[in-house]
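S.K.: This structure is in C-alpha cells; I'll ask about it shortly.
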Amino acid sequence: MTERAVGPGDEPAASADDAPSPPVTSGSAENTASDLGGGGVDAVAENGRLAVVCDPDAVGRKDVSGSLALMRYRVETATVRFARMTGGVDHPLVETARSRLKAADAAAIHAAGGLSPWTRTWIGVAGLGSAAWVAAALCDRVGLPAGWTIAVAVAALGGAVWPVYAFTNALAQRVDRRRTKRPASPPQIAAPAGVGPAAEILALLRMARDDLSVAMRRRVAGHRFGRVARTAAGFDWLRRHDPQLFWLSLADRHLCQVICSIEAWLPTLVDEA
Amino acid sequence: MSAIAAQLREAAAVAERAAAVRQHGESTGPGTDTEIIGGLQFVAETLSHAAGLLDSPPVAPRRTMIVSAVQMGGWVLSCTVALLAVPHPAQPAVLAVTLTGGGIFGTLLGWAVSAVWNRRSVRAVASAEANYEIHAAIDDLRTRISACTVALEPHRNDVHLNVGRWIERAQTWLDVVDTAASEA
C-alpha cells in the first residue's frame with residue numbers, strides 16, 4: 001500500500017550546490033594523465049584498459065544486481081584511489097567528482113530494485129492491519145460505542161502509515177545493499193606498469209559505465225515494455241516510468257559527471273605546475 | 001516567480017532528456033559521449049537548482065496525483081461500503097480486514113489505472129518521430145535559457161542575481177556540451 005517515491009526530486013545527494021564552475025581547459029586530459037604517471041587514457045583504453053583478472057560470469061553477472069555489484073566495486077576502488085590521489089586538494093572540480101562518486105554509488109544501490117510491489121503491499125497490510133486491530137481491540141475493551149471504535153481504528157491506521165512506509169523503505173535499502181554488495185570473489189584490479197593514477201581511475205570509471213550499460217540492457221530486455229526502448233524517445237519514456245531504469249540511468253550520468261570533472265581538472269594541474 | 005521557475009524546470013527536463021537520448025545512442029552506436037552526457041546532466045542540475053532558489057519544490061506530476069486519488073478513493077469507498085454492509089463493523093477483526101482489504105482494493109485500482117495509462121502512452125511513444133538531433137536540443141536549451149534570463153531582467157534583488165549566476169553556469173556547461181557535440 002505504500003510505494004517508494006521515485007523521481008528527480010528523490011535523487012541522492014547530488015544537488016547543484018556543489019556544481020562547479022564549468023571548466024576552462026587548456027591542454028588535453030590525456031596528456032596530463034600521461035604527465036602524472038605515463039600511459040595516457042587512450043592508450044590504456046585501447047590496450048584493454050586495465051589488467052583486470054576476472055571472469056565476468058564467475059562473479060555473478062547473470063542479472064542486473066550482479067552487474068551493479070561489479071560496478072559498485074569498481075566505483076569503490078576508484079573512490080579510494082581518487083582520495084589517495086587528491087588528498088588535501090581543495091578544488092571545485094575535485095569536490096564535484098567526490099560528490100558525484102557518492103551519488104553514483106547511492107543511485108546504483110537504488111537501482112537494485114528493492115522490494116516488489118506485492119511485497120510492499122503485504123508488509124503494508126500486516127503493519128496497518130495490526131494497528132487497526134489493536135486500536136479496535138482496545139476500544140472494545142474500554143467499551144466505546146461502534147462509531148468511536150471505527151473512528152479510532154481509522155486514526156490509528158492513518159498514524160501507522162508513516163512508520164510502515166519508513167520501515168518498508170529501510171528494508172528495501174537493506175535488500176538493495178545486500179544485492180549489490182562486493183562480489184564473493186572480486187576481480188583483482190591491477191594497473192599495468194606505466195599507467196598513472198589518473199588514467200587508472202578514469203579507466204575504472206569507464207569500466208563501471210560498461211557494467212551499468214550491461215545492467216541497463218538487461219533491465220530493458222526483461223521489461224514488459226522493453227521493445228519501446230529501441231528508439232531514443234522510447235528509452236527516455238521507459239527511463240521515466242521504470243524506477244530501476246531511472247536509477248541505472250542516473251548512476252551512469254553521475255559517472256559521466258565524474259569523468260568530465262576529472263578530465264577538466266587534470267589540465268589545471270599542468271597550468272599550476 | 002513561479003513562472004520563471006517552471007520555465008527553468010522545463011529546460012532542466014529537456015537537458016535530462018537529451019542526456020538520456022545520448023545514453024541510448026551509446027548503447028546502439030559506436031563510441032562514447034561521456035562529456036556530452038555529463039555536461040547535459042550538469043546543465044539539468046544547475047537549472048533545477050536555480051529553479052529551487054525561486055520557488056518551492058514542484059508538486060508531484062499530474063499522473064501521480066490522479067493515480068493516488070484513485071487509490072485513496074477506492075480505499076475509502078470500499079471501506080465505507082463494507083462497513084455499512086457487515087452486521088458488526090466495530091469488531092476488531094472485521095475492522096482490520098475491512099480497512100486492509102480496502103487498501104488492497106485501492107492499490108489494485110491504482111495499478112489498473114497506471115497500466116491503462118502506460119499502454120496508451122507506450123502506443124504514442126512507439127509512433128513518435130524517432131529522429132533526435134543533439135544540436136537541435138542544444139539550440140532549444142539555449143532558447144529556453146535565454147527566455148529565462150530575459151524574464152529575470154526586470155527583477156534585481158539578491159535572489160535573482162544568484163539565479164542569474166546559476167543560469168550563467170548552465171550556459172557555460174552548455175558551451176562545453178556544444179563543443180563536445182561538434183567534435184563528435
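Going by the C-alpha cells order, chains are called A, B, ..., each with residues numbered from 1, while ligands are numbered from 1 in the order shown.
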Give me the residues near region 151-161 of chain A as a PyMOL selection string, where near means some atom within 6 Å (using only C-alpha atoms) and where sequence neighbours in that chain fewer than 2 positions away do not count.

M.R.: chain A and resi 128+131-132+135-136+148-149+163-164

S.K.: Could you write those residues out with C-alpha atoms, as a PDB file, in the first residue's frame?

M.R.:
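Generated file (part-v3.pdb):
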```pdb
ATOM      1  CA  LEU A 128      -1.607  -1.241   9.021  1.00  0.00           C
ATOM      2  CA  ALA A 131      -2.519  -1.117  14.032  1.00  0.00           C
ATOM      3  CA  ALA A 132      -6.230  -1.051  13.211  1.00  0.00           C
ATOM      4  CA  ALA A 135      -6.804   0.078  18.289  1.00  0.00           C
ATOM      5  CA  ALA A 136     -10.201  -1.530  17.751  1.00  0.00           C
ATOM      6  CA  TRP A 148     -15.945   5.806  18.051  1.00  0.00           C
ATOM      7  CA  THR A 149     -14.241   2.443  17.666  1.00  0.00           C
ATOM      8  CA  PRO A 163       6.189   4.272  10.301  1.00  0.00           C
ATOM      9  CA  VAL A 164       5.231   1.404   7.960  1.00  0.00           C
TER      10      VAL A 164
END
```

S.K.: Could you tell me which residues of chain B sit within 8 Å of chain A when counting only C-alpha atoms, and give me the result as an NGL selection string?

M.R.: :B and (17 or 19-21 or 23-25 or 27 or 34-35 or 37-39 or 41-42 or 45-46 or 48-49 or 57 or 89-93 or 95-97 or 99-100 or 103-104 or 107 or 122 or 125-126 or 128 or 130 or 132 or 169 or 172-173 or 176)

S.K.: Only C-alpha atoms, please: the residues just picked out, written as a short mmCIF file (atom, residue, chain, number, x, y, z; two decimals), in the first residue's frame.

M.R.:
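Output (again-v5.cif):
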```
data_model
loop_
_atom_site.label_atom_id
_atom_site.label_comp_id
_atom_site.auth_asym_id
_atom_site.auth_seq_id
_atom_site.Cartn_x
_atom_site.Cartn_y
_atom_site.Cartn_z
CA ARG B 17 16.05 14.04 -21.75
CA ALA B 19 21.34 13.19 -21.82
CA ALA B 20 19.14 10.08 -21.73
CA VAL B 21 18.92 10.11 -25.52
CA GLN B 23 22.88 7.29 -23.32
CA HIS B 24 20.61 5.38 -25.67
CA GLY B 25 22.82 6.41 -28.60
CA SER B 27 24.20 1.62 -26.38
CA THR B 34 30.77 10.90 -21.74
CA GLU B 35 31.41 14.63 -21.98
CA ILE B 37 26.08 13.23 -21.14
CA GLY B 38 27.96 14.58 -18.11
CA GLY B 39 27.70 18.16 -19.37
CA GLN B 41 23.46 16.43 -16.54
CA PHE B 42 25.36 19.42 -15.10
CA GLU B 45 21.20 20.05 -12.15
CA THR B 46 22.25 23.68 -12.36
CA SER B 48 16.96 22.75 -11.26
CA HIS B 49 18.97 24.38 -8.51
CA PRO B 57 9.93 22.13 -4.97
CA PRO B 89 -18.46 -3.33 11.84
CA ALA B 90 -16.82 -2.37 15.16
CA GLN B 91 -15.41 -5.83 15.88
CA PRO B 92 -11.59 -5.62 15.79
CA ALA B 93 -11.11 -8.43 13.29
CA LEU B 95 -12.38 -3.58 11.12
CA ALA B 96 -8.81 -4.76 10.46
CA VAL B 97 -9.86 -6.95 7.50
CA LEU B 99 -9.51 -1.49 6.29
CA THR B 100 -6.62 -3.54 4.90
CA GLY B 103 -6.29 -0.77 0.96
CA ILE B 104 -5.51 -3.70 -1.31
CA THR B 107 -3.87 -0.37 -4.66
CA VAL B 122 3.57 3.47 -24.97
CA VAL B 125 5.80 6.84 -27.95
CA ALA B 126 6.09 3.93 -30.39
CA ALA B 128 6.54 9.14 -32.30
CA ALA B 130 12.45 8.61 -33.83
CA TYR B 132 16.68 13.22 -32.40
CA ARG B 169 26.97 28.34 -15.20
CA THR B 172 28.84 27.63 -19.88
CA TRP B 173 28.27 23.89 -19.38
CA VAL B 176 31.12 22.56 -23.20
#
```

S.K.: Between CA of Arg123 (chain B) and CA of Leu109 (chain B), what distance in Å does the model show, to one decimal?

M.R.: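 Computing the Euclidean distance for CA of Arg123 (chain B) and CA of Leu109 (chain B) yields 21.6 Å.
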
S.K.: Interatomic distance between CA of Met71 (chain A) and CA of Asp178 (chain B)?

M.R.: 29.1 Å

S.K.: Write out as a PyMOL selection string which residues come within 6 Å of region 51-55 of chain B when counting only C-alpha atoms, dropping same-chain ones fewer than 6 positions away.

M.R.: chain B and resi 2+5+8

S.K.: Residues of the last selection are to be written out with N, CA and C atoms, as a compact mmCIF listing (two decimals), in the first residue's frame.

M.R.:
```
# COMPACT_ATOMS: atom_id res chain seq x y z
N SER B 2 7.04 31.95 -9.93
CA SER B 2 6.87 30.52 -10.18
C SER B 2 6.87 30.24 -11.67
N ALA B 5 10.46 29.83 -12.57
CA ALA B 5 10.92 28.55 -12.00
C ALA B 5 10.42 27.40 -12.85
N LEU B 8 12.47 27.19 -15.95
CA LEU B 8 13.79 26.62 -15.66
C LEU B 8 13.69 25.10 -15.48
```

S.K.: Give me the residues within 10 Å of Arg177 (chain A) as a list in words, counting only C-alpha atoms and dropping any in the same chain fewer than 5 places off.

M.R.: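 Result of the neighbour search: Ser65, Ala69, Ala106, Ala108, Ile109, His110, Ala112, Gly114, Leu171, Ala172 and Arg182 of chain A.
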
S.K.: Please list as a VMD selection string every residue within 10 Å of Val113 (chain B), counting only C-alpha atoms and excluding residues in the same chain fewer than 4 positions away.

M.R.: chain B and resid 63 66 to 67 70 to 71 107 to 109 117 to 118

S.K.: Please dump the current selection as a PDB file, in the first residue's frame; keep C-alpha atoms.

M.R.:
```pdb
ATOM      1  CA  ARG B  63      -0.425  11.418 -13.354  1.00  0.00           C
ATOM      2  CA  ILE B  66      -4.523  11.141 -10.259  1.00  0.00           C
ATOM      3  CA  VAL B  67      -3.354   7.590  -9.519  1.00  0.00           C
ATOM      4  CA  VAL B  70      -7.923   6.841  -7.446  1.00  0.00           C
ATOM      5  CA  GLN B  71      -6.157   4.656  -4.866  1.00  0.00           C
ATOM      6  CA  THR B 107      -3.871  -0.370  -4.656  1.00  0.00           C
ATOM      7  CA  LEU B 108      -5.134  -2.730  -7.350  1.00  0.00           C
ATOM      8  CA  LEU B 109      -7.338   0.037  -8.722  1.00  0.00           C
ATOM      9  CA  TRP B 117      -2.139   4.851 -18.837  1.00  0.00           C
ATOM     10  CA  ASN B 118       1.141   3.104 -19.667  1.00  0.00           C
TER      11      ASN B 118
END
```

S.K.: Quick one: pick out all strand (DSSP E) residues within region 19-264 of chain A from a backbone DSSP run and write them as a PyMOL selection string.

M.R.: chain A and resi 51-53+188-190

S.K.: Write out as number ranges by chain the residues lying within 8 Å of Ala251 (chain A), counting only C-alpha atoms and excluding same-chain residues fewer than 5 positions away.

M.R.: A: 103-108, 212

S.K.: Where does DSSP see helix (DSSP H, G or I) in region 192-254 of chain A, if you list the residues as an MDAnalysis selection string?

M.R.: chainID A and resid 197:222 226:230 232:241 243:254

S.K.: If you measure from CA of Ala6 (chain B) to CA of Val163 (chain B), what distance in Å do you get, rounded to one decimal?

M.R.: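 Spanning CA of Ala6 (chain B) to CA of Val163 (chain B) is a straight-line distance of 13.4 Å.
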
S.K.: Between B:Ala180, B:Leu77, B:Leu174, B:Val86, single out the one closest to Ala137 (chain B), counting only C-alpha atoms.

M.R.: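 Using only C-alpha atoms, Ala137 (chain B) sits closest to B:Leu174.
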
S.K.: Which one of A:Gly88, A:Gly143, A:Gly66, A:Gly196 sits closest to Pro183 (chain A) if you count only C-alpha atoms?

M.R.: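 Distance minimum relative to Pro183 (chain A) lands on A:Gly66.
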